[in-house]
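Participant: Following this line is final02.cif, made up of mmCIF, C-alpha atoms and all ligand atoms:
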```
data_coords
#
loop_
_atom_site.label_atom_id
_atom_site.label_comp_id
_atom_site.auth_asym_id
_atom_site.auth_seq_id
_atom_site.Cartn_x
_atom_site.Cartn_y
_atom_site.Cartn_z
CA MET A 538 74.50 102.22 116.51
CA SER A 539 76.68 104.68 114.61
CA ILE A 540 80.29 104.98 113.56
CA LEU A 541 81.86 108.26 114.67
CA VAL A 542 84.14 109.60 111.92
CA THR A 543 86.34 112.43 113.17
CA GLY A 544 87.66 114.63 110.38
CA GLY A 545 84.83 113.26 108.24
CA ALA A 546 84.50 116.53 106.30
CA GLY A 547 88.09 116.20 105.11
CA TYR A 548 89.49 114.44 102.07
CA ILE A 549 89.98 110.86 103.28
CA GLY A 550 87.44 110.96 106.12
CA SER A 551 84.60 112.09 103.85
CA ILE A 552 85.27 109.27 101.38
CA VAL A 553 85.45 106.70 104.18
CA ALA A 554 82.11 108.03 105.47
CA GLU A 555 80.72 107.63 101.95
CA GLU A 556 81.86 103.97 101.82
CA LEU A 557 80.29 103.33 105.25
CA LEU A 558 76.99 104.90 104.16
CA LYS A 559 77.00 102.78 101.00
CA ARG A 560 77.06 99.75 103.28
CA ASP A 561 74.21 101.12 105.41
CA TYR A 562 76.23 102.01 108.46
CA GLU A 563 74.91 105.00 110.39
CA VAL A 564 77.55 107.70 110.45
CA VAL A 565 78.17 110.66 112.74
CA ILE A 566 80.79 113.07 111.44
CA LEU A 567 82.73 115.31 113.77
CA ASP A 568 84.85 118.02 112.18
CA ASN A 569 85.97 121.50 113.24
CA LEU A 570 85.78 122.61 109.58
CA CYS A 571 89.20 124.28 109.80
CA GLN A 572 90.31 122.21 106.83
CA GLY A 573 87.20 120.14 106.15
CA HIS A 574 84.23 121.24 104.04
CA ARG A 575 80.60 121.13 105.14
CA GLN A 576 79.74 120.29 101.49
CA ALA A 577 81.80 117.10 101.77
CA VAL A 578 79.40 115.75 104.41
CA LEU A 579 76.81 113.61 102.68
CA PRO A 580 73.18 114.32 103.65
CA ARG A 581 72.64 110.90 105.21
CA ALA A 582 75.39 111.50 107.80
CA GLN A 583 74.80 113.34 111.08
CA PHE A 584 77.17 116.27 111.49
CA VAL A 585 78.68 117.87 114.58
CA ALA A 586 80.98 120.89 114.25
CA ALA A 587 83.51 120.41 117.04
CA ASP A 588 87.20 120.03 117.71
CA THR A 589 88.72 116.84 119.08
CA CYS A 590 90.61 118.97 121.63
CA ASP A 591 87.32 120.20 123.09
CA ALA A 592 86.56 117.55 125.74
CA ALA A 593 83.08 118.86 126.60
CA SER A 594 81.89 118.77 122.97
CA ILE A 595 83.31 115.28 122.46
CA ASP A 596 81.54 114.08 125.58
CA GLU A 597 78.30 115.54 124.28
CA VAL A 598 78.66 113.60 121.02
CA PHE A 599 78.93 110.32 122.91
CA GLN A 600 75.93 111.33 125.04
CA SER A 601 73.78 112.33 122.08
CA TYR A 602 74.51 109.42 119.75
CA SER A 603 74.85 105.73 120.29
CA ILE A 604 78.41 105.19 119.01
CA SER A 605 79.77 101.69 118.51
CA ALA A 606 83.15 102.51 116.95
CA VAL A 607 85.36 105.47 116.11
CA MET A 608 87.35 106.14 112.96
CA HIS A 609 89.82 108.91 113.65
CA PHE A 610 91.00 111.15 110.80
CA ALA A 611 90.92 114.61 112.39
CA ALA A 612 94.53 115.77 112.25
CA GLU A 613 97.04 118.31 111.10
CA THR A 614 98.45 116.69 107.97
CA VAL A 615 100.85 118.90 106.03
CA VAL A 616 104.35 117.48 106.42
CA GLU A 617 106.16 120.68 105.51
CA PHE A 618 104.38 122.85 108.10
CA SER A 619 105.00 120.16 110.71
CA VAL A 620 108.70 120.93 110.44
CA THR A 621 108.26 124.63 111.18
CA ASP A 622 105.33 124.46 113.62
CA PRO A 623 105.40 121.13 115.48
CA LYS A 624 103.29 122.24 118.44
CA ARG A 625 100.09 122.24 116.36
CA TYR A 626 100.84 118.66 115.30
CA PHE A 627 101.41 117.30 118.80
CA HIS A 628 98.47 119.24 120.14
CA THR A 629 95.92 118.12 117.55
CA ASN A 630 97.29 114.73 116.56
CA VAL A 631 98.27 113.48 120.01
CA LEU A 632 96.26 115.45 122.59
CA GLY A 633 93.12 115.53 120.42
CA GLY A 634 93.36 111.76 119.98
CA ILE A 635 93.84 111.13 123.71
CA ASN A 636 90.82 113.31 124.42
CA LEU A 637 88.79 111.16 122.09
CA LEU A 638 90.02 107.91 123.64
CA ASP A 639 89.25 109.16 127.14
CA ALA A 640 85.70 110.08 126.09
CA MET A 641 85.35 106.59 124.56
CA LEU A 642 86.37 105.00 127.85
CA ARG A 643 83.87 107.13 129.78
CA HIS A 644 81.14 105.98 127.41
CA ARG A 645 82.32 102.37 127.11
CA VAL A 646 83.16 102.47 123.42
CA TYR A 647 86.09 100.17 122.63
CA GLU A 648 86.51 100.03 118.84
CA PHE A 649 88.95 102.35 117.13
CA ILE A 650 90.42 102.66 113.63
CA PHE A 651 93.32 105.08 113.34
CA SER A 652 94.40 107.01 110.28
CA SER A 653 98.17 106.63 110.49
CA SER A 654 100.86 107.32 107.94
CA ALA A 655 103.95 106.09 106.13
CA ALA A 656 105.62 109.18 107.64
CA ILE A 657 106.22 107.16 110.82
CA TYR A 658 109.03 105.25 109.04
CA GLY A 659 111.14 108.29 108.13
CA GLU A 660 113.90 107.81 105.56
CA PRO A 661 113.60 104.09 104.74
CA GLU A 662 116.53 101.73 105.25
CA SER A 663 115.06 99.41 102.61
CA VAL A 664 112.09 99.44 100.23
CA PRO A 665 109.40 98.25 99.93
CA ILE A 666 108.64 99.11 103.54
CA SER A 667 106.88 96.50 105.63
CA GLU A 668 105.22 97.13 108.98
CA GLY A 669 108.24 95.87 110.93
CA HIS A 670 110.60 98.45 109.34
CA PRO A 671 112.31 100.70 111.93
CA LYS A 672 110.29 103.77 112.82
CA ALA A 673 112.36 106.95 112.73
CA PRO A 674 110.18 109.89 111.65
CA ILE A 675 111.95 112.88 110.13
CA ASN A 676 109.11 115.35 110.65
CA SER A 677 106.77 116.09 113.54
CA TYR A 678 103.76 114.94 111.53
CA GLY A 679 105.20 111.40 111.38
CA GLU A 680 106.33 111.63 115.00
CA SER A 681 102.85 112.63 116.15
CA LYS A 682 101.26 109.72 114.25
CA LEU A 683 103.77 107.27 115.73
CA MET A 684 103.23 108.65 119.23
CA PHE A 685 99.51 108.15 118.90
CA GLU A 686 99.93 104.59 117.61
CA ARG A 687 101.89 103.93 120.81
CA VAL A 688 99.23 105.59 122.96
CA LEU A 689 96.73 103.25 121.32
CA GLU A 690 98.85 100.20 122.18
CA TRP A 691 98.79 101.17 125.85
CA TYR A 692 95.06 101.93 125.83
CA GLY A 693 94.58 98.54 124.22
CA ARG A 694 96.59 96.69 126.86
CA ALA A 695 95.24 98.54 129.86
CA TYR A 696 91.65 99.36 128.95
CA GLY A 697 90.77 96.87 126.23
CA VAL A 698 90.45 99.38 123.37
CA LYS A 699 90.47 97.31 120.18
CA HIS A 700 92.35 99.24 117.54
CA ILE A 701 93.77 98.95 114.05
CA SER A 702 96.14 101.56 112.61
CA LEU A 703 96.20 102.01 108.84
CA ARG A 704 99.41 103.55 107.56
CA TYR A 705 98.69 105.26 104.29
CA PHE A 706 101.27 105.96 101.68
CA ASN A 707 100.19 108.75 99.26
CA ALA A 708 96.41 109.03 99.16
CA ALA A 709 95.23 110.39 95.83
CA GLY A 710 92.27 110.37 93.43
CA ALA A 711 88.58 111.02 93.98
CA SER A 712 85.33 109.13 94.36
CA GLN A 713 82.33 109.85 92.15
CA ASN A 714 81.18 112.71 94.38
CA LEU A 715 84.02 113.65 96.68
CA GLY A 716 87.59 114.74 96.14
CA GLU A 717 90.60 116.66 97.32
CA ASP A 718 90.33 120.35 98.21
CA HIS A 719 93.07 121.47 100.60
CA ARG A 720 93.74 125.16 101.20
CA PRO A 721 96.52 125.76 100.59
CA GLU A 722 96.91 122.74 98.30
CA THR A 723 100.27 121.16 99.00
CA HIS A 724 99.80 117.74 97.39
CA LEU A 725 101.43 116.78 94.16
CA ILE A 726 98.62 115.37 92.01
CA PRO A 727 96.12 118.24 92.53
CA ASN A 728 98.91 120.76 92.00
CA VAL A 729 99.98 119.07 88.78
CA LEU A 730 96.37 119.08 87.55
CA LYS A 731 95.95 122.73 88.49
CA ALA A 732 98.95 123.46 86.29
CA ALA A 733 97.19 121.51 83.50
CA LEU A 734 94.17 123.80 83.90
CA ASP A 735 96.23 126.98 84.01
CA ILE A 736 99.52 127.06 82.12
CA ASN A 737 100.46 130.25 83.96
CA ARG A 738 100.75 128.23 87.16
CA PRO A 739 103.70 125.88 86.67
CA VAL A 740 104.02 123.02 89.11
CA ALA A 741 107.03 123.26 91.42
CA ILE A 742 109.23 120.16 91.42
CA PHE A 743 110.57 120.10 94.96
CA GLY A 744 114.07 118.72 94.59
CA THR A 745 115.75 117.17 91.55
CA ASP A 746 118.90 116.06 93.38
CA TYR A 747 117.54 113.13 95.40
CA PRO A 748 119.32 109.78 95.05
CA THR A 749 116.55 108.39 92.81
CA ARG A 750 116.36 107.38 89.12
CA ASP A 751 115.55 110.93 87.91
CA GLY A 752 116.48 112.96 90.99
CA SER A 753 112.89 113.65 92.11
CA CYS A 754 111.17 112.00 95.10
CA ILE A 755 109.50 108.63 94.69
CA ARG A 756 106.11 107.91 96.28
CA ASP A 757 103.55 105.12 96.29
CA TYR A 758 100.20 106.63 95.23
CA ILE A 759 97.12 104.80 96.44
CA HIS A 760 93.55 105.51 95.41
CA VAL A 761 91.55 107.12 98.20
CA VAL A 762 88.59 104.79 97.57
CA ASP A 763 90.90 101.79 98.05
CA ILE A 764 92.04 103.34 101.32
CA ALA A 765 88.40 103.84 102.31
CA ARG A 766 87.57 100.20 101.56
CA ALA A 767 90.41 99.08 103.81
CA HIS A 768 88.78 100.95 106.71
CA VAL A 769 85.52 99.12 106.24
CA LEU A 770 87.39 95.80 106.15
CA ALA A 771 89.37 96.74 109.28
CA LEU A 772 86.18 97.62 111.14
CA GLY A 773 84.89 94.11 110.47
CA LYS A 774 88.16 92.57 111.73
CA LEU A 775 88.70 94.52 114.96
CA GLU A 776 87.59 91.58 117.05
CA THR A 777 90.21 89.22 115.60
CA LEU A 778 93.00 91.54 114.45
CA GLY A 779 92.74 94.33 117.02
CA GLY A 780 96.11 95.79 118.03
CA LYS A 781 97.69 95.57 114.58
CA ALA A 782 98.91 98.09 112.02
CA TYR A 783 98.78 97.77 108.23
CA ASN A 784 100.47 99.59 105.37
CA LEU A 785 98.21 100.74 102.56
CA GLY A 786 99.96 101.30 99.26
CA ASN A 787 100.22 99.78 95.78
CA GLY A 788 103.83 98.69 96.12
CA GLU A 789 104.84 100.70 93.06
CA GLY A 790 106.87 103.89 93.32
CA TYR A 791 106.58 106.83 90.91
CA SER A 792 108.84 109.85 90.85
CA VAL A 793 107.43 113.37 90.86
CA LEU A 794 108.48 113.72 87.21
CA GLU A 795 106.77 110.42 86.31
CA VAL A 796 103.56 111.69 87.92
CA VAL A 797 103.78 114.81 85.76
CA GLN A 798 104.23 112.59 82.66
CA ALA A 799 101.21 110.47 83.65
CA ALA A 800 99.15 113.64 84.11
CA ARG A 801 100.23 114.87 80.66
CA ARG A 802 98.95 111.61 79.17
CA VAL A 803 95.66 111.73 81.09
CA THR A 804 94.89 115.39 80.41
CA SER A 805 96.50 115.64 76.95
CA ARG A 806 97.77 119.02 78.10
CA ASP A 807 101.13 120.55 78.46
CA ILE A 808 102.01 120.84 82.13
CA PRO A 809 104.68 123.45 82.83
CA CYS A 810 107.18 122.58 85.56
CA GLN A 811 109.60 124.65 87.58
CA THR A 812 112.57 123.14 89.38
CA SER A 813 112.50 124.21 93.03
CA PRO A 814 114.60 123.49 96.12
CA ARG A 815 113.84 120.43 98.24
CA ARG A 816 110.87 120.74 100.58
CA SER A 817 111.82 120.18 104.20
CA GLY A 818 110.72 116.93 105.81
CA ASP A 819 110.51 114.93 102.55
CA PRO A 820 112.14 111.47 102.46
CA ALA A 821 113.57 110.50 99.06
CA VAL A 822 111.60 107.26 98.58
CA LEU A 823 108.47 105.80 100.18
CA VAL A 824 107.06 102.58 98.73
CA ALA A 825 104.83 100.17 100.63
CA ASP A 826 104.86 96.47 101.16
CA SER A 827 101.13 95.97 101.78
CA SER A 828 101.10 92.19 101.71
CA LEU A 829 99.95 92.02 105.33
CA ALA A 830 96.82 94.07 104.62
CA LYS A 831 96.10 91.82 101.65
CA GLU A 832 96.56 88.61 103.65
CA GLU A 833 94.90 89.60 106.89
CA LEU A 834 92.29 92.21 105.96
CA GLY A 835 91.51 90.60 102.61
CA TRP A 836 92.20 93.98 100.97
CA THR A 837 92.90 94.27 97.24
CA PRO A 838 93.36 97.70 95.67
CA GLU A 839 90.90 98.05 92.78
CA HIS A 840 92.41 101.18 91.20
CA ALA A 841 96.11 100.44 91.30
CA GLU A 842 97.13 102.12 88.02
CA LEU A 843 98.62 105.58 88.47
CA GLU A 844 96.79 106.85 85.39
CA ASP A 845 93.42 105.70 86.79
CA ILE A 846 94.16 107.53 90.02
CA VAL A 847 95.15 110.72 88.18
CA GLU A 848 92.15 110.34 85.86
CA SER A 849 89.71 110.28 88.80
CA SER A 850 91.27 113.45 90.26
CA TRP A 851 91.13 115.10 86.86
CA ARG A 852 87.46 114.27 86.42
CA TRP A 853 86.64 115.66 89.87
CA MET A 854 88.70 118.78 89.32
CA ARG A 855 87.05 119.53 85.99
CA GLU A 856 83.60 119.06 87.50
CA ARG A 857 84.55 121.28 90.44
CA PRO A 858 87.31 123.67 89.38
CA ASN A 859 86.74 125.66 92.58
CA GLY A 860 86.64 122.60 94.80
CA TYR A 861 83.85 122.67 97.39
CA SER A 862 83.31 126.42 97.30
N1 LIG B 901 105.73 117.72 95.42
C1 LIG B 901 106.21 118.55 94.41
N2 LIG B 901 105.46 119.64 94.05
C2 LIG B 901 104.26 119.93 94.65
C3 LIG B 901 103.78 119.07 95.66
C4 LIG B 901 104.55 117.99 96.02
O1 LIG B 901 107.28 118.33 93.86
O2 LIG B 901 103.62 120.94 94.28
C5 LIG B 901 106.49 116.52 95.78
C6 LIG B 901 106.85 116.44 97.25
O3 LIG B 901 108.07 117.09 97.51
C7 LIG B 901 106.90 114.92 97.46
C8 LIG B 901 105.89 114.36 96.47
O4 LIG B 901 105.67 115.40 95.53
O5 LIG B 901 108.16 114.44 97.10
C9 LIG B 901 104.56 114.02 97.13
O6 LIG B 901 104.18 115.12 97.92
P1 LIG B 901 102.72 115.26 98.53
O7 LIG B 901 102.66 116.59 99.24
O8 LIG B 901 101.70 115.00 97.49
O9 LIG B 901 102.62 114.08 99.58
P2 LIG B 901 103.58 113.68 100.82
O10 LIG B 901 104.57 112.69 100.25
O11 LIG B 901 104.20 114.91 101.35
O12 LIG B 901 102.63 113.04 101.77
#
```
Could you quickly redo this structure as structure tokens?
Ligand code: UDP

Facilitator:
Amino acid sequence: MSILVTGGAGYIGSIVAEELLKRDYEVVILDNLCQGHRQAVLPRAQFVAADTCDAASIDEVFQSYSISAVMHFAAETVVEFSVTDPKRYFHTNVLGGINLLDAMLRHRVYEFIFSSSAAIYGEPESVPISEGHPKAPINSYGESKLMFERVLEWYGRAYGVKHISLRYFNAAGASQNLGEDHRPETHLIPNVLKAALDINRPVAIFGTDYPTRDGSCIRDYIHVVDIARAHVLALGKLETLGGKAYNLGNGEGYSVLEVVQAARRVTSRDIPCQTSPRRSGDPAVLVADSSLAKEELGWTPEHAELEDIVESSWRWMRERPNGYS
């Protein structure tokens, strides 16, 4: 029996697949390679190049492989673009997911782990944010993730799909072999490290007038390998905890400027910055209360220090300055 990992050639999906393989699960990766990288698929995984919106190809995957559970990462993920082009987000993140669920039902597969996001909460009323916090997304990315969590609830009630949603705060860092290579790169830590490699490419600080301690946005950065480990734990708990959602974060918020300072310490390089206007769709502060994941999944982040997270990205970036190409 295999675990189907959609989006398994992407940043988080590939590292989850790696953790599954380490534990001797059989893994089938499905990815349309629009944003994923074939080189991020480890040799021991089966690979299918297909889109979650393509019902016939998805059906074929379930026919060809004996799938016991699905981990669903395939998605449009850039918050900023979701403000200007929401249709792509609803199409891929909601319709693609429903397509997948319907194929699961046809093939009697009932276990599902969903890659959700802190973006479902919107601008927080209070921090740290626990799972019960009101959900009021301020961008279509968050809205699409919330919609799909709700779809899952109904598929759970009506058809018995056992599901756990994992709401990530800011995934960052790299594993020994796999890391972050988005094109274009929109994420803070890789952009800061690119500026460390090339002083002619200053990092843009998107907004210095937020109501925070230094005016820049505050985020909770969580190591991607810790996120991956939570998926493996969730898979083992679907039977007992199915239907629930868990925040994954360290519970510690760092401002954009503090991340730049941490990267200066890690790299011992000067990192030029450029003050820029706010980026649309960005809440001022996102910090997780992840106590539920700790209590119920038995999850403990192993790389909670920001500098360790930045250090792992830095190592990966220096080994692969051109990413996967
Ligand atoms: N950010 C920034 N410069 C960049 C990339 C990001 O100032 O080059 C800021 C962004 O506005 C946000 C924070 O860094 O406040 C984290 O952004 P990222 O895209 O890494 O993750 P997100 O919070 O959007 O999921």

Participant: Please identify every polymer residue within 8 Å of ligand LIG 901 (chain B), using only C-alpha atoms and all ligand atoms, and present the set as number ranges by chain.

Facilitator: A: 615-617, 656, 706-708, 723-726, 728-729, 740-744, 753-756, 792-793, 813, 815-816, 819-821, 823

Participant: For the point (83.9, 128.7, 97.1) in file coordinates, what residues are within 12 Å, counting only C-alpha atoms? Give the answer as a PyMOL selection string?

Facilitator: chain A and resi 574-576+718+720+857-862

Participant: For atom CA of A:Phe618 and atom CA of A:Ile675, quote the distance in Å rounded to one decimal.

Facilitator: 12.7 Å

Participant: Quick check, in Å to one decimal: how far apart do atom CA of A:Ser677 and atom CA of A:Val620 lie?

Facilitator: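 Taking atom CA of A:Ser677 as the start and atom CA of A:Val620 as the end point, the length is 6.1 Å.
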
Participant: Compare A:Ile635, A:Val564, A:Asp591, A:Pro814 by their minimum atom-to-atom distance to A:Asp746, counting all atoms listed in the file, and give me the closest one.

Facilitator: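 Among the listed residues, A:Pro814 lies closest to A:Asp746.
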
Participant: For A:Trp851, find every residue with an atom within 9 Å (counting all atoms listed in the file), except residues of its own chain fewer than 3 positions away, and show them as a list in words.

Facilitator: Gly710, Ala711, Pro727, Leu730, Ala800, Val803, Thr804, Ile846, Val847, Glu848, Met854, Arg855 and Glu856 of chain A

Participant: Of the candidates A:Leu734, A:Cys590, A:Ala546, A:Ala709, which one gets nearest to A:Val796 if we count only C-alpha atoms?

Facilitator: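 Result for the nearest residue to A:Val796: A:Ala709.
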
Participant: Ranking A:Gly573, A:Pro665, A:Pro674, A:Gly550 by minimum distance to A:Ser619 and counting only C-alpha atoms, which one comes first?

Facilitator: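 With only C-alpha atoms as the atom set, the closest residue is A:Pro674.
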
Participant: By how many Å are atom CA of A:Ile736 and atom CA of A:Ile552 apart?

Facilitator: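 Atom CA of A:Ile736 sits 29.8 Å away from atom CA of A:Ile552.
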
Participant: With distances taken over all atoms listed in the file, which of A:Ala606, A:Leu683, A:Ala592, A:Ile666 is nearest to A:Ala825?

Facilitator: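 Counting all atoms listed in the file, the residue closest to A:Ala825 is A:Ile666.
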
Participant: With all atoms listed in the file as the counted atoms, please give the residues lying no more than 8 Å from stretch 826-830 of chain A, apart from itself and same-chain residues fewer than 6 positions off, as a ChimeraX atom specification.

Facilitator: /A:664-668,783-788,836

Participant: Have a look at A:Ala841, A:Met538, A:Met684, A:Val822 and name the one nearest to A:Lys672; count all atoms listed in the file.

Facilitator: A:Met684

Participant: I'd like the neighbourhood of stretch 584-588 of chain A as a list in words, where a residue qualifies if any of its atoms comes within 6 Å (using all atoms listed in the file), though same-chain residues fewer than 5 positions away should be ignored.

Facilitator: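 The contact residues come out as Val565, Ile566, Leu567, Asp568 and Asn569 of chain A.
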
Participant: Determine the nearest neighbour of A:Gly633 from the options A:Ala611, A:Leu541, A:Ile650, A:Leu579, counting all atoms listed in the file.

Facilitator: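 With all atoms listed in the file as the atom set, the closest residue is A:Ala611.
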
Participant: Counting all atoms listed in the file, write as an mmCIF file with C-alpha atoms, keeping the file's coordinate frame all protein and nucleic acid residues lying at most 12 Å from (76.5, 105.8, 110.3) in the file's frame.

Facilitator:
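Final output, selection27.cif:
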```cif
data_model
loop_
_atom_site.group_PDB
_atom_site.id
_atom_site.type_symbol
_atom_site.label_atom_id
_atom_site.label_comp_id
_atom_site.auth_asym_id
_atom_site.auth_seq_id
_atom_site.Cartn_x
_atom_site.Cartn_y
_atom_site.Cartn_z
ATOM 1 C CA MET A 538 74.500 102.220 116.510
ATOM 2 C CA SER A 539 76.680 104.680 114.610
ATOM 3 C CA ILE A 540 80.290 104.980 113.560
ATOM 4 C CA LEU A 541 81.860 108.260 114.670
ATOM 5 C CA VAL A 542 84.140 109.600 111.920
ATOM 6 C CA GLY A 545 84.830 113.260 108.240
ATOM 7 C CA VAL A 553 85.450 106.700 104.180
ATOM 8 C CA ALA A 554 82.110 108.030 105.470
ATOM 9 C CA GLU A 555 80.720 107.630 101.950
ATOM 10 C CA GLU A 556 81.860 103.970 101.820
ATOM 11 C CA LEU A 557 80.290 103.330 105.250
ATOM 12 C CA LEU A 558 76.990 104.900 104.160
ATOM 13 C CA LYS A 559 77.000 102.780 101.000
ATOM 14 C CA ARG A 560 77.060 99.750 103.280
ATOM 15 C CA ASP A 561 74.210 101.120 105.410
ATOM 16 C CA TYR A 562 76.230 102.010 108.460
ATOM 17 C CA GLU A 563 74.910 105.000 110.390
ATOM 18 C CA VAL A 564 77.550 107.700 110.450
ATOM 19 C CA VAL A 565 78.170 110.660 112.740
ATOM 20 C CA ILE A 566 80.790 113.070 111.440
ATOM 21 C CA LEU A 567 82.730 115.310 113.770
ATOM 22 C CA VAL A 578 79.400 115.750 104.410
ATOM 23 C CA LEU A 579 76.810 113.610 102.680
ATOM 24 C CA PRO A 580 73.180 114.320 103.650
ATOM 25 C CA ARG A 581 72.640 110.900 105.210
ATOM 26 C CA ALA A 582 75.390 111.500 107.800
ATOM 27 C CA GLN A 583 74.800 113.340 111.080
ATOM 28 C CA PHE A 584 77.170 116.270 111.490
ATOM 29 C CA TYR A 602 74.510 109.420 119.750
ATOM 30 C CA SER A 603 74.850 105.730 120.290
ATOM 31 C CA ILE A 604 78.410 105.190 119.010
ATOM 32 C CA SER A 605 79.770 101.690 118.510
ATOM 33 C CA ALA A 606 83.150 102.510 116.950
ATOM 34 C CA VAL A 607 85.360 105.470 116.110
ATOM 35 C CA MET A 608 87.350 106.140 112.960
ATOM 36 C CA VAL A 769 85.520 99.120 106.240
#
```

Participant: Near A:Ile657, within 9 Å and counting all atoms listed in the file, which residues show up once chain neighbours fewer than 4 positions away are dropped, as a list in words?

Facilitator: Ser653, Pro671, Lys672, Ala673, Pro674, Ile675, Asn676, Tyr678, Gly679, Glu680, Ser681, Lys682, Leu683 and Arg704 of chain A
